[in-house]
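The block underneath contains the structure these notes are about, expressed in structure tokens.
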Amino acid sequence: MTSPLQFDDEKRKAITQCSRCGFCRAVCPIFDLTKRPITNARGKMILIKEVMEGKLPVTEEVAKAFLRCTTCMNCTTNCPSGADPQKVIKAARKQMVDAGHDNLFKAMGEVVEKFGNIYGESARHDWGHKKGQAPIVLFLGCVGTYREEESMAETIRLLDILKVDFTTIDEVCCSGVMEDVGYPMKEEMARHNIREIRKTGAKTLITTCPYCYRVFRDHPSYKDLGVEIKHVTQFLKDFDFQVKTDKRVTYHDPCDLGRHAGIYDEPREIIRKIAPNFSEPRRSRENAMCCGAGGGFRGVSPKDSVAISKNRLAQIVEETGAEILLTECPSCLHNFRNARRRLKIEIYNITEFIAHLYQEQNSKKEEAA
Amino acid sequence: MQKLIKIVGEGNFTDKLEELVPYSYDASMNVHRPTAAVWPESTEQVSQIVKFANEQKIPVIPRGAGTSLSGGAVPIKGGIIIDLSRMNKILEISIENRYAKVQAGVVCDDLNRALAKHGFTFPPDPASSSVATIGGNVNTNAGGIKGAKYGTTRDYVMGIQVVLPSGEVMHTGAYTMKCVSGYDLAKLFVGSEGTLGVVTEVTLKINPLPRHAMTAIATFARLEDAGKAISQTMTSGVLPSVMEILDKVTLKAIKENTDIDLPVAEVMILTETDGFTWEEVEAQMEVVLGVMRQNNPSLTKTAKDEKERLGLWKARKSAYATLARTSTSFVLDDVTVPISKIPDLLVGIQEISRKHGLIVATYGHAGDGNLHPQILYDEYNAEQAETVEKVEEEIFHLAISLNGTLTGEHGIGLSKAAYMTLEHDPVEMALMRQIKRTLDPNNIMNPGKRALD
């Protein structure tokens with residue numbers, strides 16, 4: 001049997017890089033939940049190796065197996081052999097789609113084209129903030145806009161409190177996620193965002209979503225954007241906040257912000273300014289466990305995605321005893337809030353939490369007056 | 001197969017091709033498909049599975065994390081994989097009686113994290129400890145870096161619960177520090193590579209964690225000097241907790257492929273002393289360094305703090321990864337020789353490497369003579385794939401000729417099965433096979449391994 005898929009030298013090398021040591025078992029969030037070898041990186045590296053060698057046909061089930069990855073990159077970071085499984089997995093998703101194995105994200109692509117967002121929502125909340133000329137554009141992204149509106153409202157409020165001169169735009173999905181799930185980038189979406197951003201005359205683009213941040217920063221479709229790209233934690237790290245909390249606070253590194261974008265210190269610098277009582281879970285920074293939301297996994301397997309979030313949350317609570325969990329990613333935030341149930345911990349984006357602290361301070365002042 | 005589903009439930013059974021493919025491999029180069037896989041959640045379920053398999057004469061392959069480097073976990077005759085990953089509960093930690101009782105699927109590092117809270121540890125530390133299971137450790141008699149001072153898994157197994165090939169459940173061993181009551185059947189299962197039964201629970205002796213450790217390295221321009229330094233250290237009266245060695249091929253690969261700054265040398269030795277007080281640790285290290293200095297080192301260096309300590313460990317820790325990254329494929333062996341023979345083994349391996357034109361980098365545990373020749377090749381190059389077998393064969397012959405053994409900690413599995421008779425005489429082989437037949441007359445337990453069929 002010859003392989004139904006094409007593998008050039010680069011792909012072959014990426015696949016044979018795996019020495020099957022199995023060390024990824026320790027860090028794979030889906031394997032941690034299921035204990036099924038097909039769900040961890042080694043399992044999928046073996047599948048694609050057999051496909052490449054013509055030993056395994058690409059069935060629907062094989063194609064589906066490659067969707068069971070959050071692309072959290074924890075395996076890559078911890079791989080002694082230098083393999084990058086999430087890259088191989090994303091490439092395999094594309095190869096399989098090209099070979100005719102469409103997956104559920106085909107429909108998502110159509111929705112993105114029609115509605116401009118991944119959820120097919122037609123009404124867009126605009127938080128009443130100004131739109132127009134400003135030195136800074138704030139890009140909120142699909143998950144924040146349609147699933148964590150209140151949190152986004154607080155982020156916007158914080159930027160206003162800090163007197164940041166910014167505008168929002170008529171944004172559409174950055175559409176980078178399409179490539180991660182096997183389909184081409186929606187170039188028209190990128191062009192729309194570029195047009196809208198340019199109209200404002202802004203020099204800087206801030207995102208709350210670390211995934212959008214990566215797409216704007218790294219994707220060739222946005223290479224002519226001509227503005228400085230900053231994640232909101234990078235933007236805010238040198239600000240002085242006039243608020244503090246005594247509560248026990250901890251932080252979850254979003255995979256897209258940490259391992260994928262290399263941003264670990266800025267969120268911590270901000271948190272240390274406002275929360276002296278800050279401690280970290282055992283698995284943090286490069287080794288942080290995934291919340292289970294990424295890589296399209298929440299769409300593929302919503303139940304498992306939330307179960308992973310629950311596990312991560314339980315570990316964080318056990319290890320830190322924190323009352324407040326901070327992160328800065330609408331996807332992590334959304335998944336954790338879905339998973340919280342009876343746990344006492346409160347979960348916020350950092351920016352949202354700081355806005356709350358300002359509000360508390362104001363209420364206290366008013367009471368005193 | 002309906003019967004298996006009935007025993008473990010639908011969610012704990014699979015016979016789907018795509019799920020069986022990953023179970024066809026471990027960390028070695030062996031491959032074979034199983035027929036099905038199950039994730040039992042109790043000893044009772046394991047018992048029923050094995051009983052059924054025995055009646056039907058279907059092979060059964062117990063599996064932990066599947067990190068075997070010898071093909072021990074590959075189902076070479078097909079059959080049912082019993083994946084013990086879901087039996088991962090720590091059942092009891094008894095500090096006052098110095099033991100921990102765990103299910104077979106508990107991961108080494110998880111156990112050690114739980115023990116560390118009490119200031120205790122289970123010392124065997126295979127490189128795969130972040131994923132390796134205790135069941136796997138027991139079945140391969142796993143060792144690791146601290147073998148010379150702290151021994152291997154065998155030295156810590158007090159008792160086990162095992163499902164015999166008949167499906168009967170046996171408890172053997174004791175909860176006491178000493179026991180000569182009957183044959184030591186628990187130890188028969190240690191290192192048995194799943195050929196005698198399915199270990200489901202293990203009671204392990206635990207040690208207090210040493211409070212302090214000090215690290216040093218020494219490099220040598222001559223192999224003979226390094227060999228003397230190792231032997232003299234191990235007989236100096238001080239037992240270092242670590243005594244690792246890296247040969248020049250390994251050092252060259254690390255130097256060329258990483259930013260780790262290394263001196264040019266024939267051999268590097270990394271050593272560590274540990275103990276209850278810092279004074280004790282330092283005094284031991286003085287003795288070790290004295291021995292090193294008497295044997296013409298080109299350099300010695302000690303670490304004063306944790307940062308420096310990690311710096312010295314960097315080369316040793318990166319050896320496997322560096323070599324894995326620079327080759328398409330590799331075989332990692334674990335021949336072991338009496339410690340005075342280490343220089344002969346290293347010289348011999350380098351000669352074999354030159355003769356066949358494949359790179360063999362050797363590093364490992366000098367303190368107990370257990371070395372890891374890593375043979376680099378390309379599995380898609382037919383000539384190299386053939387040569388690698390010749391290289392292995394010659395290394396095995398060399399180790400045996402030096403009064404050594406084929407395997408110090410990885411096990412025989414499939415990769416070394418053909419060489420069993422090199423090490424074991426016909427009388428011993430016959431007795432081993434007789435033991436296997438007595439316990440497992442239908443040869444269902446991990447068949448095809450260790451030349452026992």
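Chain identifiers are assigned as A, B, and so on, following the order in which chains appear in the structure tokens; residues are numbered from 1 within each chain, and ligands are numbered from 1 in order of appearance.
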
Counting only C-alpha atoms, a student should be able to say which residues of chain B come within 7 Å of chain A; what is the right answer, written as a VMD selection string? chain B and resid 18 to 19 21 to 22 26 to 27 67 85 to 86 128 130 to 131 321 324 to 325 328

Saved selection, atoms kept: C-alpha atoms, as a compact mmCIF listing (two decimals), in the first residue's frame:
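The new file part_29.txt reads:
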```txt
# COMPACT_ATOMS: atom_id res chain seq x y z
CA GLU B 18 -6.70 3.38 15.02
CA GLU B 19 -6.55 2.75 18.78
CA VAL B 21 -1.92 1.11 16.23
CA PRO B 22 -0.34 3.07 19.13
CA ASP B 26 6.84 0.97 22.65
CA ALA B 27 10.07 2.99 22.72
CA THR B 67 8.26 3.19 27.59
CA SER B 85 -3.06 3.28 33.47
CA ARG B 86 -6.48 3.67 35.06
CA SER B 128 11.14 7.98 32.26
CA SER B 130 7.53 11.32 34.79
CA VAL B 131 5.43 8.71 32.97
CA ALA B 321 17.94 14.23 23.80
CA ALA B 324 17.86 11.53 19.58
CA ARG B 325 17.69 14.87 17.78
CA THR B 328 16.56 9.60 12.37
```

May I have the residues within 10 Å of B:Gly9 as a tab-separated table (two decimals) with N, CA and C atoms, in the first residue's frame, using only C-alpha atoms and disregarding those fewer than 4 positions away in the same chain?
```
chain	number	residue	atom	x	y	z
B	2	GLN	N	-17.19	-9.77	23.19
B	2	GLN	CA	-18.35	-9.36	23.98
B	2	GLN	C	-18.10	-9.63	25.47
B	3	LYS	N	-17.42	-10.73	25.72
B	3	LYS	CA	-17.11	-11.13	27.10
B	3	LYS	C	-16.24	-10.06	27.78
B	4	LEU	N	-15.25	-9.54	27.03
B	4	LEU	CA	-14.36	-8.51	27.59
B	4	LEU	C	-15.14	-7.24	27.90
B	5	ILE	N	-16.04	-6.88	26.98
B	5	ILE	CA	-16.86	-5.69	27.19
B	5	ILE	C	-17.71	-5.87	28.45
B	13	PHE	N	-12.91	-0.71	26.75
B	13	PHE	CA	-12.51	-1.74	25.78
B	13	PHE	C	-12.36	-1.08	24.42
B	38	VAL	N	-7.78	-3.31	26.76
B	38	VAL	CA	-8.73	-3.01	27.83
B	38	VAL	C	-8.06	-2.14	28.90
B	39	TRP	N	-8.88	-1.34	29.57
B	39	TRP	CA	-8.40	-0.51	30.68
B	39	TRP	C	-9.14	-0.96	31.94
B	40	PRO	N	-8.69	-2.02	32.60
B	40	PRO	CA	-9.40	-2.46	33.80
B	40	PRO	C	-9.28	-1.41	34.91
```

Quick one: which stretch 149-243 of chain B residues come within 10 Å of stretch 114-122 of chain B, and what is the nearest atom pair for each with the distance in Å to one decimal, counting only C-alpha atoms, rows ordered by chain and ascending number, as JSON lines?
```
{"residue": "B:Tyr150", "atom": "CA", "partner": "B:Phe122", "partner_atom": "CA", "distance": 9.7}
{"residue": "B:Thr153", "atom": "CA", "partner": "B:Phe122", "partner_atom": "CA", "distance": 8.7}
{"residue": "B:Tyr156", "atom": "CA", "partner": "B:Phe122", "partner_atom": "CA", "distance": 7.8}
{"residue": "B:Leu204", "atom": "CA", "partner": "B:Phe122", "partner_atom": "CA", "distance": 7.6}
{"residue": "B:Lys205", "atom": "CA", "partner": "B:Phe122", "partner_atom": "CA", "distance": 7.3}
{"residue": "B:Ile206", "atom": "CA", "partner": "B:Phe122", "partner_atom": "CA", "distance": 5.1}
{"residue": "B:Asn207", "atom": "CA", "partner": "B:Thr121", "partner_atom": "CA", "distance": 5.3}
{"residue": "B:Pro208", "atom": "CA", "partner": "B:Phe120", "partner_atom": "CA", "distance": 4.2}
{"residue": "B:Leu209", "atom": "CA", "partner": "B:Phe120", "partner_atom": "CA", "distance": 4.8}
{"residue": "B:Pro210", "atom": "CA", "partner": "B:Phe120", "partner_atom": "CA", "distance": 8.6}
{"residue": "B:Arg211", "atom": "CA", "partner": "B:Gly119", "partner_atom": "CA", "distance": 8.9}
```

Run DSSP on the backbone of this structure and report the residues of stretch 42-210 of chain A it assigns to alpha helix (DSSP H), as a PyMOL selection string. chain A and resi 42-52+60-65+74-77+85-98+105-115+142-147+149-161+177-180+187-199+210

Expected file contents, prior selection, C-alpha atoms, as a compact mmCIF listing (two decimals), in the first residue's frame:
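Wrote it out as selection_21.txt, contents follow:
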```
# COMPACT_ATOMS: atom_id res chain seq x y z
CA ARG A 42 3.06 9.77 20.68
CA GLY A 43 -0.16 8.02 19.65
CA LYS A 44 -0.79 10.45 16.84
CA MET A 45 2.87 10.55 15.77
CA ILE A 46 2.66 6.76 15.43
CA LEU A 47 -0.57 7.00 13.40
CA ILE A 48 0.90 9.51 10.96
CA LYS A 49 4.15 7.52 10.72
CA GLU A 50 2.14 4.46 9.69
CA VAL A 51 0.12 6.54 7.23
CA MET A 52 3.39 7.87 5.78
CA GLU A 60 -12.64 8.74 8.84
CA GLU A 61 -11.69 7.48 12.30
CA VAL A 62 -7.99 8.13 11.72
CA ALA A 63 -8.79 11.62 10.43
CA LYS A 64 -10.95 12.24 13.51
CA ALA A 65 -8.16 11.15 15.85
CA ASN A 74 3.14 21.10 26.14
CA CYS A 75 4.39 17.94 24.42
CA THR A 76 6.65 20.00 22.17
CA THR A 77 8.17 21.83 25.12
CA PRO A 85 3.76 17.16 17.45
CA GLN A 86 1.21 19.98 17.34
CA LYS A 87 2.79 21.19 14.11
CA VAL A 88 2.70 17.68 12.64
CA ILE A 89 -0.91 17.28 13.80
CA LYS A 90 -2.00 20.58 12.24
CA ALA A 91 -0.26 19.61 8.99
CA ALA A 92 -1.97 16.20 9.08
CA ARG A 93 -5.39 17.85 9.55
CA LYS A 94 -4.74 19.88 6.42
CA GLN A 95 -3.45 16.88 4.46
CA MET A 96 -6.56 14.92 5.42
CA VAL A 97 -8.93 17.73 4.48
CA ASP A 98 -7.08 18.08 1.16
CA PHE A 105 -14.84 22.82 10.89
CA LYS A 106 -15.87 23.05 7.26
CA ALA A 107 -19.21 24.29 8.57
CA MET A 108 -17.45 26.69 10.92
CA GLY A 109 -15.61 28.17 7.94
CA GLU A 110 -18.88 28.78 6.19
CA VAL A 111 -20.27 30.41 9.31
CA VAL A 112 -17.19 32.63 9.62
CA GLU A 113 -17.62 33.74 6.02
CA LYS A 114 -21.30 34.47 6.42
CA PHE A 115 -21.36 36.04 9.88
CA CYS A 142 -14.80 36.07 18.73
CA VAL A 143 -14.71 34.31 22.10
CA GLY A 144 -14.52 37.51 24.11
CA THR A 145 -17.11 39.32 22.03
CA TYR A 146 -19.73 36.60 21.96
CA ARG A 147 -19.05 34.45 25.00
CA GLU A 149 -19.07 40.05 26.88
CA GLU A 150 -19.08 41.16 30.50
CA SER A 151 -15.41 40.47 30.90
CA MET A 152 -14.67 42.44 27.74
CA ALA A 153 -16.77 45.31 29.07
CA GLU A 154 -14.55 45.41 32.15
CA THR A 155 -11.36 45.34 30.07
CA ILE A 156 -12.70 48.31 28.11
CA ARG A 157 -13.64 50.07 31.32
CA LEU A 158 -10.13 49.56 32.71
CA LEU A 159 -8.53 51.07 29.61
CA ASP A 160 -10.85 54.06 30.02
CA ILE A 161 -9.95 54.40 33.71
CA VAL A 177 -7.95 29.20 13.56
CA MET A 178 -9.07 27.88 10.15
CA GLU A 179 -5.53 26.78 9.32
CA ASP A 180 -5.20 24.97 12.63
CA GLU A 187 -8.23 36.06 3.29
CA GLU A 188 -11.27 38.30 2.87
CA MET A 189 -11.62 38.43 6.67
CA ALA A 190 -7.98 39.43 7.03
CA ARG A 191 -8.37 42.14 4.39
CA HIS A 192 -11.46 43.47 6.17
CA ASN A 193 -9.64 43.70 9.51
CA ILE A 194 -6.61 45.34 7.90
CA ARG A 195 -8.88 47.94 6.21
CA GLU A 196 -10.72 48.68 9.44
CA ILE A 197 -7.54 48.97 11.48
CA ARG A 198 -5.93 51.28 8.91
CA LYS A 199 -8.96 53.55 8.84
CA PRO A 210 -3.62 35.64 22.79
```

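Of the listed residues B:Lys101, B:His410, B:Lys6, B:Lys228, the one whose atoms come nearest to B:Thr140 is B:His410, with distances taken using only C-alpha atoms.
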
Residues of stretch 19-224 of chain B in strand (DSSP E or B), written as JSON, numbers by chain: {"B": [36, 37, 38, 60, 61, 62, 63, 80, 81, 82, 83, 90, 91, 92, 93, 94, 99, 100, 101, 102, 103, 107, 120, 121, 133, 157, 158, 159, 160, 161, 162, 163, 169, 170, 171, 172, 173, 198, 199, 200, 201, 202, 203, 204, 205, 207, 208, 212, 213, 214, 215, 216, 217, 218, 219, 220]}

Would you export the selected residues with C-alpha atoms as a tab-separated table (two decimals), in the first residue's frame, please?
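File part_28.tsv, as written:
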```tsv
chain	number	residue	atom	x	y	z
B	36	ALA	CA	-7.83	-5.63	21.50
B	37	ALA	CA	-7.03	-3.43	24.47
B	38	VAL	CA	-8.73	-3.01	27.83
B	60	VAL	CA	-2.31	-11.14	27.37
B	61	ILE	CA	0.16	-8.26	27.48
B	62	PRO	CA	0.22	-6.11	30.62
B	63	ARG	CA	1.20	-2.53	29.82
B	80	ILE	CA	-5.20	-8.43	24.56
B	81	ILE	CA	-3.34	-5.41	25.91
B	82	ILE	CA	-4.16	-4.88	29.58
B	83	ASP	CA	-3.44	-1.20	30.05
B	90	ILE	CA	-1.94	5.34	45.92
B	91	LEU	CA	-3.66	3.02	48.40
B	92	GLU	CA	-1.66	3.69	51.54
B	93	ILE	CA	1.37	5.60	52.71
B	94	SER	CA	2.56	4.24	56.03
B	99	TYR	CA	6.10	1.50	53.16
B	100	ALA	CA	3.76	2.69	50.42
B	101	LYS	CA	1.10	0.50	48.84
B	102	VAL	CA	0.06	1.45	45.33
B	103	GLN	CA	-1.88	0.19	42.34
B	107	VAL	CA	3.26	6.95	37.95
B	120	PHE	CA	10.32	10.27	52.03
B	121	THR	CA	11.10	8.77	48.63
B	133	THR	CA	4.36	3.25	36.17
B	157	VAL	CA	9.51	-4.53	46.69
B	158	MET	CA	8.10	-5.88	49.95
B	159	GLY	CA	5.00	-7.50	48.53
B	160	ILE	CA	2.79	-7.70	45.51
B	161	GLN	CA	-0.70	-8.60	44.46
B	162	VAL	CA	-0.59	-10.45	41.17
B	163	VAL	CA	-3.16	-12.05	38.90
B	169	VAL	CA	-5.30	-13.53	42.60
B	170	MET	CA	-2.23	-14.03	44.76
B	171	HIS	CA	-0.87	-11.82	47.56
B	172	THR	CA	2.74	-12.52	48.35
B	173	GLY	CA	5.39	-10.86	50.48
B	198	VAL	CA	-0.29	-9.27	35.87
B	199	VAL	CA	0.99	-7.32	38.86
B	200	THR	CA	-1.91	-5.19	40.12
B	201	GLU	CA	-0.67	-3.85	43.48
B	202	VAL	CA	2.76	-3.29	44.95
B	203	THR	CA	3.96	-2.60	48.48
B	204	LEU	CA	7.22	-0.69	48.36
B	205	LYS	CA	9.79	0.09	51.00
B	207	ASN	CA	13.49	5.81	52.29
B	208	PRO	CA	13.87	9.15	54.03
B	212	HIS	CA	21.71	17.57	51.12
B	213	ALA	CA	23.60	16.72	47.93
B	214	MET	CA	26.81	17.98	46.36
B	215	THR	CA	27.81	17.59	42.73
B	216	ALA	CA	31.15	17.51	40.96
B	217	ILE	CA	32.50	16.72	37.51
B	218	ALA	CA	35.90	15.53	36.38
B	219	THR	CA	37.19	15.09	32.85
B	220	PHE	CA	40.00	12.83	31.75
```

Which is closest to A:Ile263 among A:Tyr119, A:Lys230, A:Glu171, A:Tyr348, if we use only C-alpha atoms?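 Using only C-alpha atoms, A:Ile263 sits closest to A:Lys230.
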
Non-local contacts of stretch 360-373 of chain B (8 Å; only C-alpha atoms; under 4 positions in same chain excluded) as number ranges by chain: B: 144-145, 147-148, 230, 234, 240, 242-250, 319, 323, 332-339, 341-342, 346, 349-350, 353, 408

Could you dump the residues just selected with C-alpha atoms as a PDB file, in the first residue's frame?
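Produced file part27.pdb, reproduced below:
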```pdb
ATOM      1  CA  GLY B 144      18.226   4.576  37.206  1.00  0.00           C
ATOM      2  CA  ILE B 145      20.950   6.969  38.117  1.00  0.00           C
ATOM      3  CA  GLY B 147      21.558   2.388  41.456  1.00  0.00           C
ATOM      4  CA  ALA B 148      25.041   2.051  42.936  1.00  0.00           C
ATOM      5  CA  ILE B 230      35.706   5.056  39.064  1.00  0.00           C
ATOM      6  CA  MET B 234      33.580   2.902  44.528  1.00  0.00           C
ATOM      7  CA  PRO B 240      28.508   8.301  45.934  1.00  0.00           C
ATOM      8  CA  VAL B 242      25.616   9.314  41.591  1.00  0.00           C
ATOM      9  CA  MET B 243      28.582   8.271  39.446  1.00  0.00           C
ATOM     10  CA  GLU B 244      27.774   8.950  35.784  1.00  0.00           C
ATOM     11  CA  ILE B 245      30.001   8.718  32.750  1.00  0.00           C
ATOM     12  CA  LEU B 246      29.880  10.257  29.262  1.00  0.00           C
ATOM     13  CA  ASP B 247      32.218   9.066  26.518  1.00  0.00           C
ATOM     14  CA  LYS B 248      33.912  11.263  23.923  1.00  0.00           C
ATOM     15  CA  VAL B 249      31.329  10.559  21.205  1.00  0.00           C
ATOM     16  CA  THR B 250      28.557  11.736  23.518  1.00  0.00           C
ATOM     17  CA  ALA B 319      22.807  13.276  26.321  1.00  0.00           C
ATOM     18  CA  LEU B 323      21.564  12.088  20.295  1.00  0.00           C
ATOM     19  CA  LEU B 332      19.455   2.418  23.185  1.00  0.00           C
ATOM     20  CA  ASP B 333      21.007  -0.535  25.007  1.00  0.00           C
ATOM     21  CA  ASP B 334      21.900  -1.125  28.636  1.00  0.00           C
ATOM     22  CA  VAL B 335      24.729  -3.619  28.843  1.00  0.00           C
ATOM     23  CA  THR B 336      26.268  -3.833  32.286  1.00  0.00           C
ATOM     24  CA  VAL B 337      29.752  -4.944  33.318  1.00  0.00           C
ATOM     25  CA  PRO B 338      31.730  -5.239  36.550  1.00  0.00           C
ATOM     26  CA  ILE B 339      32.874  -1.690  37.260  1.00  0.00           C
ATOM     27  CA  LYS B 341      35.703  -3.410  33.087  1.00  0.00           C
ATOM     28  CA  ILE B 342      34.114  -0.098  32.092  1.00  0.00           C
ATOM     29  CA  LEU B 346      34.031   1.685  26.157  1.00  0.00           C
ATOM     30  CA  ILE B 349      32.219  -0.316  21.732  1.00  0.00           C
ATOM     31  CA  GLN B 350      34.220   2.356  19.939  1.00  0.00           C
ATOM     32  CA  SER B 353      31.386   1.468  15.971  1.00  0.00           C
ATOM     33  CA  GLY B 408      20.979  -3.841  33.563  1.00  0.00           C
TER      34      GLY B 408
END
```

Between A:Val306, A:Leu357, A:Ala261, A:Leu236, which residue has the minimum interatomic distance to A:Tyr213, considering only C-alpha atoms?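 Among A:Val306, A:Leu357, A:Ala261, A:Leu236, it is A:Ala261 that comes nearest to A:Tyr213.
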